[in-house]
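Student: So here's my_file05.txt (compact mmCIF, C-alpha atoms and all ligand atoms).
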# COMPACT_ATOMS: atom_id res chain seq x y z
CA MET I 24 21.69 -31.55 -0.74
CA SER I 25 23.61 -30.74 2.46
CA ASN I 26 22.46 -27.61 4.26
CA LEU I 27 22.57 -24.96 1.54
CA LYS I 28 23.94 -21.77 3.08
CA VAL I 29 21.45 -19.04 2.16
CA ALA I 30 21.81 -15.28 2.62
CA VAL I 31 18.52 -13.37 2.80
CA HIS I 32 18.95 -9.89 1.31
CA GLY I 33 16.24 -7.59 2.68
CA ALA I 34 15.92 -9.85 5.73
CA ALA I 35 13.88 -7.45 7.87
CA GLY I 36 11.26 -6.90 5.18
CA ARG I 37 7.81 -8.43 4.77
CA MET I 38 9.21 -11.03 2.39
CA GLY I 39 12.63 -11.32 4.00
CA GLN I 40 11.03 -12.45 7.24
CA ARG I 41 9.05 -15.19 5.46
CA VAL I 42 12.08 -16.37 3.51
CA THR I 43 13.97 -16.59 6.81
CA ALA I 44 11.15 -18.65 8.32
CA VAL I 45 10.77 -21.00 5.36
CA THR I 46 14.53 -21.49 4.97
CA HIS I 47 15.04 -22.11 8.68
CA ALA I 48 12.35 -24.81 8.59
CA ASP I 49 13.82 -26.53 5.52
CA LYS I 50 15.87 -29.71 6.02
CA GLU I 51 18.16 -28.98 3.05
CA ALA I 52 18.97 -25.32 3.72
CA LYS I 53 19.96 -22.94 6.49
CA VAL I 54 19.87 -19.19 7.02
CA ALA I 55 23.58 -18.41 6.87
CA ALA I 56 23.18 -14.62 6.74
CA ALA I 57 20.54 -11.94 7.06
CA ILE I 58 21.41 -8.75 5.18
CA GLU I 59 20.10 -5.20 5.49
CA GLY I 60 21.35 -1.74 4.51
CA LYS I 61 23.66 0.47 6.61
CA SER I 62 20.76 2.59 7.86
CA SER I 63 18.50 -0.31 8.81
CA PRO I 64 17.27 -0.29 12.43
CA ALA I 65 17.36 -4.08 12.22
CA LEU I 66 21.19 -4.26 12.15
CA GLY I 67 22.51 -6.44 14.98
CA LYS I 68 19.11 -7.93 15.74
CA ASP I 69 18.53 -11.67 15.46
CA ALA I 70 16.96 -12.59 12.12
CA GLY I 71 14.84 -15.30 13.72
CA GLU I 72 13.42 -12.96 16.30
CA LEU I 73 12.61 -10.44 13.54
CA ALA I 74 10.72 -13.20 11.73
CA GLY I 75 8.86 -14.27 14.86
CA LEU I 76 10.73 -17.59 15.16
CA GLY I 77 12.66 -16.88 18.30
CA LYS I 78 16.48 -16.63 18.34
CA ILE I 79 18.31 -18.47 15.54
CA ASP I 80 21.75 -16.90 16.21
CA VAL I 81 21.89 -15.12 12.83
CA PRO I 82 22.44 -11.39 13.44
CA VAL I 83 21.38 -8.93 10.75
CA THR I 84 24.51 -7.57 9.06
CA VAL I 85 25.45 -5.40 6.09
CA ASP I 86 28.05 -7.68 4.51
CA ILE I 87 27.63 -11.20 3.11
CA PRO I 88 29.89 -13.74 4.90
CA GLU I 89 32.35 -15.76 2.80
CA ASP I 90 30.66 -19.14 3.47
CA VAL I 91 27.33 -18.10 1.88
CA GLU I 92 26.48 -20.22 -1.18
CA VAL I 93 23.45 -18.37 -2.60
CA VAL I 94 21.64 -15.08 -2.05
CA ILE I 95 17.87 -14.56 -2.16
CA ASP I 96 16.96 -10.92 -2.75
CA PHE I 97 13.71 -9.30 -1.69
CA SER I 98 14.82 -5.70 -1.20
CA VAL I 99 14.64 -2.45 -3.19
CA PRO I 100 16.05 -1.67 -6.64
CA GLU I 101 18.94 0.51 -5.52
CA ALA I 102 20.05 -2.16 -3.03
CA LEU I 103 19.71 -4.94 -5.59
CA ILE I 104 22.04 -3.15 -7.99
CA GLU I 105 24.81 -3.07 -5.38
CA LEU I 106 24.14 -6.69 -4.47
CA VAL I 107 24.45 -7.77 -8.10
CA LYS I 108 27.93 -6.24 -8.30
CA VAL I 109 29.02 -8.11 -5.14
CA CYS I 110 27.62 -11.41 -6.39
CA GLN I 111 29.23 -10.88 -9.79
CA SER I 112 32.66 -10.26 -8.26
CA ARG I 113 32.35 -13.25 -5.89
CA LYS I 114 30.69 -15.55 -8.47
CA LEU I 115 27.78 -15.98 -6.07
CA PRO I 116 24.51 -17.45 -7.45
CA LEU I 117 21.56 -15.13 -7.02
CA VAL I 118 17.76 -15.27 -6.82
CA ILE I 119 16.20 -11.89 -7.71
CA ALA I 120 12.64 -11.15 -6.60
CA THR I 121 12.78 -7.36 -6.23
CA THR I 122 10.62 -5.48 -8.75
CA GLY I 123 10.32 -1.88 -9.92
CA LEU I 124 13.73 -1.63 -11.56
CA SER I 125 14.44 1.14 -14.08
CA PRO I 126 15.71 0.20 -17.55
CA GLU I 127 19.22 1.27 -16.50
CA GLN I 128 19.05 -0.89 -13.37
CA LYS I 129 17.82 -3.86 -15.41
CA GLN I 130 20.81 -3.44 -17.70
CA ILE I 131 23.18 -3.76 -14.73
CA VAL I 132 21.52 -7.05 -13.85
CA ASP I 133 21.70 -8.20 -17.46
CA ASN I 134 25.44 -7.47 -17.53
CA ALA I 135 26.04 -9.68 -14.48
CA ILE I 136 24.30 -12.68 -15.99
CA ALA I 137 27.36 -13.52 -18.08
CA ASP I 138 29.26 -14.26 -14.85
CA ILE I 139 26.73 -15.77 -12.43
CA PRO I 140 23.63 -17.98 -12.55
CA VAL I 141 20.53 -15.89 -11.77
CA VAL I 142 16.87 -16.80 -11.28
CA TRP I 143 15.01 -13.53 -11.93
CA ALA I 144 11.22 -13.56 -11.60
CA PRO I 145 8.62 -10.94 -10.70
CA SER I 146 6.69 -13.69 -8.94
CA MET I 147 8.12 -16.82 -7.35
CA SER I 148 4.61 -18.25 -6.85
CA GLN I 149 3.84 -21.61 -8.47
CA ALA I 150 0.20 -20.58 -9.07
CA VAL I 151 1.18 -17.28 -10.67
CA ASN I 152 3.69 -18.90 -13.02
CA VAL I 153 1.16 -21.57 -14.04
CA THR I 154 -1.36 -18.78 -14.68
CA MET I 155 1.22 -17.07 -16.88
CA GLU I 156 1.33 -20.16 -19.08
CA LEU I 157 -2.48 -20.36 -19.12
CA THR I 158 -2.48 -16.70 -20.20
CA ARG I 159 -0.02 -17.48 -22.97
CA LEU I 160 -2.28 -20.28 -24.20
CA ALA I 161 -5.44 -18.13 -24.07
CA SER I 162 -3.65 -15.32 -25.93
CA ARG I 163 -2.56 -17.75 -28.64
CA PHE I 164 -6.12 -19.05 -29.11
CA LEU I 165 -7.69 -15.57 -29.14
CA LYS I 166 -5.27 -13.57 -31.25
CA ASN I 167 -7.32 -13.90 -34.46
CA VAL I 168 -10.84 -13.18 -33.13
CA PRO I 169 -12.30 -11.04 -35.98
CA GLU I 170 -14.08 -8.49 -33.76
CA GLY I 171 -10.98 -8.07 -31.63
CA VAL I 172 -10.12 -8.90 -27.99
CA ASP I 173 -9.61 -6.20 -25.37
CA VAL I 174 -7.03 -7.31 -22.80
CA GLU I 175 -6.90 -5.57 -19.42
CA ILE I 176 -4.74 -6.53 -16.45
CA ILE I 177 -5.95 -5.75 -12.94
CA GLU I 178 -3.63 -6.21 -9.97
CA ARG I 179 -4.31 -5.71 -6.27
CA HIS I 180 -1.64 -5.32 -3.58
CA HIS I 181 -1.23 -4.07 -0.03
CA ARG I 182 -1.10 -0.36 0.73
CA TYR I 183 2.68 -0.49 1.42
CA LYS I 184 3.74 -1.55 -2.08
CA GLU I 185 6.05 1.09 -3.56
CA ASP I 186 5.96 0.25 -7.25
CA ALA I 187 3.05 0.13 -9.70
CA PRO I 188 1.93 -1.71 -11.61
CA SER I 189 3.36 -4.90 -10.15
CA GLY I 190 6.24 -6.62 -11.87
CA THR I 191 3.93 -9.58 -12.27
CA ALA I 192 1.31 -7.48 -14.08
CA LEU I 193 4.00 -6.17 -16.44
CA ARG I 194 5.14 -9.73 -17.16
CA PHE I 195 1.54 -10.81 -17.86
CA GLY I 196 1.37 -7.91 -20.33
CA GLU I 197 4.62 -8.97 -22.00
CA ILE I 198 3.26 -12.51 -22.43
CA VAL I 199 -0.02 -11.28 -23.93
CA SER I 200 1.63 -8.82 -26.30
CA SER I 201 4.19 -11.41 -27.43
CA GLU I 202 1.32 -13.66 -28.56
CA MET I 203 -1.27 -11.10 -29.70
CA GLY I 204 0.91 -8.24 -30.92
CA GLN I 205 -0.37 -5.27 -28.93
CA THR I 206 2.19 -2.48 -28.73
CA ASN I 207 0.44 0.15 -26.57
CA HIS I 208 0.63 -0.51 -22.81
CA GLN I 209 -1.94 1.88 -21.30
CA HIS I 210 -1.63 2.50 -17.54
CA GLY I 211 -5.01 3.66 -16.22
CA ARG I 212 -7.42 5.98 -18.01
CA GLU I 213 -8.99 9.38 -17.33
CA GLY I 214 -10.67 12.27 -19.20
CA ARG I 215 -12.28 11.35 -22.55
CA PRO I 216 -9.96 8.81 -24.15
CA GLY I 217 -12.67 7.84 -26.61
CA LEU I 218 -12.90 4.50 -28.45
CA ARG I 219 -10.48 1.94 -27.02
CA PRO I 220 -7.73 1.23 -29.57
CA ARG I 221 -7.43 -2.45 -30.48
CA ASP I 222 -3.69 -2.17 -30.10
CA GLU I 223 -3.91 -1.53 -26.33
CA ILE I 224 -3.34 -3.55 -23.16
CA GLY I 225 -4.73 -1.77 -20.09
CA TYR I 226 -3.18 -1.96 -16.59
CA HIS I 227 -4.93 -1.07 -13.33
CA ALA I 228 -3.20 -1.16 -9.97
CA LEU I 229 -5.33 -1.30 -6.82
CA ARG I 230 -3.62 -0.62 -3.47
CA VAL I 231 -5.90 -1.95 -0.79
CA GLY I 232 -5.31 -3.16 2.78
CA ASP I 233 -2.96 -6.11 3.26
CA ASN I 234 -3.54 -7.91 -0.04
CA VAL I 235 -0.44 -10.06 -0.67
CA GLY I 236 -0.95 -10.14 -4.42
CA GLU I 237 -3.85 -10.75 -6.81
CA HIS I 238 -3.89 -10.61 -10.60
CA THR I 239 -6.76 -10.86 -13.09
CA ILE I 240 -6.25 -10.95 -16.84
CA VAL I 241 -9.43 -9.97 -18.70
CA PHE I 242 -9.98 -10.98 -22.35
CA GLY I 243 -13.01 -8.91 -23.38
CA MET I 244 -14.85 -9.79 -26.57
CA LEU I 245 -18.24 -8.86 -28.08
CA GLY I 246 -20.78 -11.08 -26.34
CA GLU I 247 -18.43 -12.86 -23.93
CA THR I 248 -15.39 -12.46 -21.67
CA ILE I 249 -12.65 -14.75 -20.33
CA GLU I 250 -10.99 -13.88 -17.00
CA LEU I 251 -7.96 -15.64 -15.54
CA SER I 252 -7.37 -14.84 -11.85
CA VAL I 253 -4.73 -15.86 -9.33
CA LYS I 254 -4.73 -14.76 -5.68
CA GLY I 255 -2.14 -15.14 -2.95
CA SER I 256 -3.43 -15.84 0.56
CA THR I 257 -0.07 -15.53 2.33
CA ARG I 258 3.43 -14.48 1.32
CA ASP I 259 4.70 -18.03 1.82
CA SER I 260 3.93 -19.00 -1.79
CA TYR I 261 6.63 -16.54 -2.84
CA ALA I 262 9.02 -17.63 -0.08
CA TYR I 263 8.75 -21.33 -0.94
CA GLY I 264 9.26 -20.51 -4.61
CA ALA I 265 12.33 -18.41 -3.83
CA LEU I 266 13.90 -21.22 -1.80
CA ALA I 267 13.21 -23.68 -4.60
CA ALA I 268 14.87 -21.23 -6.97
CA ALA I 269 17.92 -21.03 -4.67
CA LYS I 270 18.29 -24.82 -4.63
CA PHE I 271 17.99 -24.80 -8.43
CA VAL I 272 20.32 -21.90 -9.23
CA VAL I 273 23.35 -23.22 -7.31
CA LYS I 274 23.45 -26.17 -9.74
CA GLN I 275 23.45 -24.01 -12.88
CA LYS I 276 26.07 -22.45 -15.11
CA PRO I 277 26.14 -18.64 -15.42
CA GLY I 278 23.06 -17.33 -17.18
CA LEU I 279 19.49 -16.17 -16.72
CA TYR I 280 16.84 -18.63 -15.52
CA SER I 281 13.10 -18.23 -14.91
CA MET I 282 10.60 -19.84 -12.57
CA ASN I 283 9.55 -21.99 -15.53
CA ASP I 284 13.05 -23.51 -15.35
CA VAL I 285 12.78 -23.96 -11.58
CA LEU I 286 9.26 -25.42 -11.68
CA GLY I 287 9.69 -27.43 -14.87
CA LEU I 288 6.81 -25.61 -16.65
N1 LIG S 301 9.24 -12.05 -6.99
C1 LIG S 301 8.35 -12.30 -6.02
O1 LIG S 301 7.83 -13.44 -5.86
C2 LIG S 301 7.99 -11.22 -5.06
C3 LIG S 301 8.61 -10.01 -5.16
N2 LIG S 301 8.36 -9.04 -4.23
C4 LIG S 301 9.16 -7.83 -4.34
O2 LIG S 301 10.16 -7.85 -3.33
C5 LIG S 301 10.48 -6.52 -2.92
C6 LIG S 301 10.37 -6.43 -1.42
O3 LIG S 301 9.02 -6.58 -1.06
P1 LIG S 301 8.64 -6.48 0.52
O4 LIG S 301 9.37 -7.51 1.29
O5 LIG S 301 7.17 -6.40 0.62
O6 LIG S 301 9.25 -5.03 0.86
P2 LIG S 301 9.79 -4.48 2.25
O7 LIG S 301 9.91 -2.99 2.09
O8 LIG S 301 8.99 -5.04 3.37
O9 LIG S 301 11.27 -5.13 2.36
C7 LIG S 301 12.37 -4.59 1.69
C8 LIG S 301 13.57 -4.75 2.63
O10 LIG S 301 14.76 -4.35 1.94
C9 LIG S 301 15.55 -3.68 2.90
N3 LIG S 301 16.61 -2.88 2.29
C10 LIG S 301 16.59 -1.57 1.92
N4 LIG S 301 17.80 -1.18 1.50
C11 LIG S 301 18.62 -2.27 1.62
C12 LIG S 301 19.99 -2.50 1.38
N5 LIG S 301 20.80 -1.54 0.92
N6 LIG S 301 20.50 -3.74 1.62
C13 LIG S 301 19.69 -4.73 2.09
N7 LIG S 301 18.37 -4.58 2.37
C14 LIG S 301 17.86 -3.35 2.12
C15 LIG S 301 14.54 -2.84 3.68
O11 LIG S 301 15.12 -2.37 4.89
C16 LIG S 301 13.44 -3.88 3.88
O12 LIG S 301 13.65 -4.62 5.05
C17 LIG S 301 9.52 -5.61 -3.69
O13 LIG S 301 10.19 -5.14 -4.84
C18 LIG S 301 8.40 -6.55 -4.10
O14 LIG S 301 7.75 -6.14 -5.30
C19 LIG S 301 7.50 -9.22 -3.18
C20 LIG S 301 6.84 -10.42 -3.05
C21 LIG S 301 7.01 -11.49 -4.02
O1 LIG S 302 5.12 -6.12 -3.53
C1 LIG S 302 4.54 -7.25 -3.38
O2 LIG S 302 3.97 -7.63 -2.34
C2 LIG S 302 4.59 -8.17 -4.55
N1 LIG S 302 5.31 -7.81 -5.58
C3 LIG S 302 5.60 -8.63 -6.71
C4 LIG S 302 5.26 -7.89 -8.00
O3 LIG S 302 5.49 -6.64 -8.02
O4 LIG S 302 4.84 -8.56 -8.95
C5 LIG S 302 5.07 -10.04 -6.60
C6 LIG S 302 3.81 -10.19 -5.79
O5 LIG S 302 2.71 -9.82 -6.58
C7 LIG S 302 3.85 -9.46 -4.48
Go through the file and emit its structure as structure tokens.

Tutor:
Amino acid sequence: MSNLKVAVHGAAGRMGQRVTAVTHADKEAKVAAAIEGKSSPALGKDAGELAGLGKIDVPVTVDIPEDVEVVIDFSVPEALIELVKVCQSRKLPLVIATTGLSPEQKQIVDNAIADIPVVWAPSMSQAVNVTMELTRLASRFLKNVPEGVDVEIIERHHRYKEDAPSGTALRFGEIVSSEMGQTNHQHGREGRPGLRPRDEIGYHALRVGDNVGEHTIVFGMLGETIELSVKGSTRDSYAYGALAAAKFVVKQKPGLYSMNDVLGL
């Protein structure tokens, strides 16, 4: 693959900086654009210097240059929605990592998928996506335990995270419920909720320090418990996954693709 021209959408962010660094270091890709919103204090600054790389002669801009071949988005929901419309009109392949979308915002993304190839994943991490398949397998094996299995999902993230629970936790819950049939997604508990309904999946979002992302899926039974845990140690697991997704998505027809497609899971 010749140098894939990548635009980083949300380039000044925690993830945008790492995607810039990982892409700049890759032999098959280059940072062709670094995008931020109109009010960003980063506009005009060098994307490499923002990412701690030194100058790479890519100034942060609002608009995506015409030579860009793929966009990697780590931004905010309201920005993503506008980006999707631009990519749809320009037939630009897109990697979506931003989480916390409303149902209406998700529908806008869904509408664009008819026109452009999109990799859309709440986590680009190889370890997280493998753990999702392990969770699917455990759910399949445990769905008929006579005394019932109580599934709870615990996620931990840094104090700056704006959405809760994580998109990854919600996806874990979707996987479990698709295999085991729970319909009640219970976010936290307080007061006197009484006996835990068997039809429930519980979600608990910890916001602590600089945790880059940690998820534990608990399968609680009478007499024993299974826990599946996956922990990020740096944000680079997500950045490497996003770049792999970009290299994958530019070769695809319009449609929706997952990290399972990218990673061959
Ligand atoms: N799918 C995955 O693997 C991962 C997803 N995420 C998600 O990515 C998103 C960003 O996470 P962080 O980088 O930690 O957040 P952040 O707040 O550090 O970065 C967001 C960036 O988007 C920029 N932005 C805001 N409005 C914009 C606009 N109109 N156009 C372009 N950029 C705009 C902000 O200025 C900021 O630089 C979150 O939704 C998070 O949940 C984070 C890590 C991994
Ligand atoms: O905000 C973050 O940092 C992360 N968000 C994603 C999510 O909401 O699942 C992915 C990862 O856990 C880090």

Student: Go ahead and fit an axis-aligned box to every listed atom of ligand LIG 302 (chain S) plus 8 Å each side, and pass me the centre and edge lengths in Å, one decimal, as JSON.

Tutor:
{"center_x": 4.2, "center_y": -8.2, "center_z": -5.6, "size_x": 18.9, "size_y": 20.1, "size_z": 22.6}

Student: Excluding stretch 129-145 of chain I and residues on its chain fewer than 5 positions from it, collect all residues at most 6 Å away from it, counting only C-alpha atoms, and give them as number ranges by chain.

Tutor: I: 111, 114, 116-120, 190-191, 276-281

Student: Next, write the just-selected residues to a file, as a PDB file, in the coordinates of the input, keeping C-alpha atoms as the atom set.

Tutor:
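Listing of again-v3.pdb after writing:
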ATOM      1  CA  GLN I 111      29.230 -10.880  -9.790  1.00  0.00           C
ATOM      2  CA  LYS I 114      30.690 -15.550  -8.470  1.00  0.00           C
ATOM      3  CA  PRO I 116      24.510 -17.450  -7.450  1.00  0.00           C
ATOM      4  CA  LEU I 117      21.560 -15.130  -7.020  1.00  0.00           C
ATOM      5  CA  VAL I 118      17.760 -15.270  -6.820  1.00  0.00           C
ATOM      6  CA  ILE I 119      16.200 -11.890  -7.710  1.00  0.00           C
ATOM      7  CA  ALA I 120      12.640 -11.150  -6.600  1.00  0.00           C
ATOM      8  CA  GLY I 190       6.240  -6.620 -11.870  1.00  0.00           C
ATOM      9  CA  THR I 191       3.930  -9.580 -12.270  1.00  0.00           C
ATOM     10  CA  LYS I 276      26.070 -22.450 -15.110  1.00  0.00           C
ATOM     11  CA  PRO I 277      26.140 -18.640 -15.420  1.00  0.00           C
ATOM     12  CA  GLY I 278      23.060 -17.330 -17.180  1.00  0.00           C
ATOM     13  CA  LEU I 279      19.490 -16.170 -16.720  1.00  0.00           C
ATOM     14  CA  TYR I 280      16.840 -18.630 -15.520  1.00  0.00           C
ATOM     15  CA  SER I 281      13.100 -18.230 -14.910  1.00  0.00           C
TER      16      SER I 281
END

Student: Mind giving me the straight-line distance from atom CA of I:Pro188 to atom CA of I:Ala228 in Å, one decimal?

Tutor: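 Separation between atom CA of I:Pro188 and atom CA of I:Ala228: 5.4 Å.
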
Student: Give the answer as one residue: which of I:Ile87, I:Pro126, I:Val172, I:Gly36 has the shortest atom-to-atom distance to I:Gly246, using all atoms listed in the file?

Tutor: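 Going through I:Ile87, I:Pro126, I:Val172, I:Gly36 one by one, the smallest distance to I:Gly246 is for I:Val172.
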
Student: Select from chain I every residue with an atom at most 8 Å from any atom of ligand LIG 301 (chain S), then for each give the shortest pair of atoms and their distance in Å to one decimal, using only C-alpha atoms and all ligand atoms, rows by chain and rising number, as a tab-separated table.

Tutor:
residue	atom	partner	partner_atom	distance
I:His32	CA	S:LIG301	C13	5.3
I:Gly33	CA	S:LIG301	O10	3.6
I:Ala34	CA	S:LIG301	O12	5.7
I:Ala35	CA	S:LIG301	O12	4.0
I:Gly36	CA	S:LIG301	O12	3.3
I:Arg37	CA	S:LIG301	O8	3.9
I:Met38	CA	S:LIG301	O4	3.7
I:Gly39	CA	S:LIG301	O4	5.7
I:Gln40	CA	S:LIG301	O4	7.9
I:Ile58	CA	S:LIG301	C13	5.4
I:Glu59	CA	S:LIG301	C13	3.5
I:Gly60	CA	S:LIG301	C12	3.5
I:Lys61	CA	S:LIG301	N5	6.7
I:Ser62	CA	S:LIG301	N4	8.0
I:Ser63	CA	S:LIG301	O11	5.6
I:Ala65	CA	S:LIG301	O11	7.9
I:Val85	CA	S:LIG301	N6	6.9
I:Asp96	CA	S:LIG301	O2	7.5
I:Phe97	CA	S:LIG301	O2	4.2
I:Ser98	CA	S:LIG301	O10	3.4
I:Val99	CA	S:LIG301	O13	5.5
I:Pro100	CA	S:LIG301	O13	7.0
I:Glu101	CA	S:LIG301	N5	7.0
I:Ala102	CA	S:LIG301	N5	4.1
I:Leu103	CA	S:LIG301	N6	7.4
I:Glu105	CA	S:LIG301	N5	7.6
I:Leu106	CA	S:LIG301	N6	7.7
I:Ile119	CA	S:LIG301	N1	7.0
I:Ala120	CA	S:LIG301	N1	3.5
I:Thr121	CA	S:LIG301	O13	3.7
I:Thr122	CA	S:LIG301	O13	3.9
I:Gly123	CA	S:LIG301	O13	6.0
I:Trp143	CA	S:LIG301	N1	7.7
I:Ala144	CA	S:LIG301	N1	5.2
I:Pro145	CA	S:LIG301	N1	3.9
I:Ser146	CA	S:LIG301	O1	3.3
I:Met147	CA	S:LIG301	O1	3.7
I:Ser148	CA	S:LIG301	O1	5.9
I:Tyr183	CA	S:LIG301	O5	7.5
I:Lys184	CA	S:LIG301	O5	6.5
I:Glu185	CA	S:LIG301	C17	7.5
I:Asp186	CA	S:LIG301	O14	6.9
I:Ser189	CA	S:LIG301	O14	6.7
I:Gly190	CA	S:LIG301	O14	6.8
I:Thr191	CA	S:LIG301	N1	7.9
I:Val235	CA	S:LIG301	C20	7.7
I:Gly236	CA	S:LIG301	C20	7.9
I:Arg258	CA	S:LIG301	C20	6.9
I:Ser260	CA	S:LIG301	O1	7.9
I:Tyr261	CA	S:LIG301	O1	4.5
I:Ala262	CA	S:LIG301	O1	7.2
I:Gly264	CA	S:LIG301	O1	7.3
I:Ala265	CA	S:LIG301	O1	7.0

Student: Any idea what's packed within 10 Å of I:Ser162, counting all atoms listed in the file, ignoring anything in its chain fewer than 4 positions away? Could you give it as a count of residues only?

Tutor: 15

Student: Residues near stretch 216-226 of chain I, anyone? I mean within 9 Å using all atoms listed in the file, not counting same-chain ones fewer than 2 positions away, as a ChimeraX atom specification.

Tutor: /I:171-178,188,192-193,196,199-200,204-214,228

Student: From the options I:Ala187, I:Leu165, I:Ala44, I:Val93, which residue's atoms come nearest to I:Val241, counting all atoms listed in the file?

Tutor: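 Among the listed residues, I:Leu165 lies closest to I:Val241.
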
Student: Of the candidates I:Val31, I:Leu124, I:Val45, I:Ala74, which one gets nearest to ligand LIG 302 (chain S) if we count only C-alpha atoms and all ligand atoms?

Tutor: I:Leu124

Student: Go through I:Val153, I:Ala48, I:Thr84, I:Val54 and flag the residue nearest I:Gly67, using only C-alpha atoms for the distances.

Tutor: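 Smallest separation from I:Gly67 among the options: I:Thr84.
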
Student: Which residue, I:Ala150, I:Val168, I:Ala269, I:Leu286, has the smallest gap to ligand LIG 302 (chain S) when you use all atoms listed in the file?

Tutor: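 Checking each of I:Ala150, I:Val168, I:Ala269, I:Leu286 against ligand LIG 302 (chain S), counting all atoms listed in the file, the winner is I:Ala150.
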
Student: What does the distance from atom O4 of ligand LIG 302 (chain S) to atom CA of I:Gln275 come to in Å, to one decimal?

Tutor: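 Interatomic distance here is 24.5 Å.
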
Student: Any idea what the distance is between atom CA of I:Leu251 and atom CA of I:Gly232?

Tutor: 22.3 Å

Student: Check the smallest atom-to-atom distance from each of I:Val151, I:Ile249, I:Val109, I:Val83 to ligand LIG 302 (chain S) using only C-alpha atoms and all ligand atoms, then report the winner.

Tutor: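 Looking only at the distances to ligand LIG 302 (chain S), the closest residue turns out to be I:Val151.
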
Student: Using all atoms listed in the file, which residues sit within 8 Å of I:Val91 once same-chain residues fewer than 3 positions away are excluded, as a ChimeraX atom specification?

Tutor: /I:28-30,55-56,87-88,94

Student: Could you save those same residues with C-alpha atoms as a PDB file, in the coordinates of the input?

Tutor:
ATOM      1  CA  LYS I  28      23.940 -21.770   3.080  1.00  0.00           C
ATOM      2  CA  VAL I  29      21.450 -19.040   2.160  1.00  0.00           C
ATOM      3  CA  ALA I  30      21.810 -15.280   2.620  1.00  0.00           C
ATOM      4  CA  ALA I  55      23.580 -18.410   6.870  1.00  0.00           C
ATOM      5  CA  ALA I  56      23.180 -14.620   6.740  1.00  0.00           C
ATOM      6  CA  ILE I  87      27.630 -11.200   3.110  1.00  0.00           C
ATOM      7  CA  PRO I  88      29.890 -13.740   4.900  1.00  0.00           C
ATOM      8  CA  VAL I  94      21.640 -15.080  -2.050  1.00  0.00           C
TER       9      VAL I  94
END
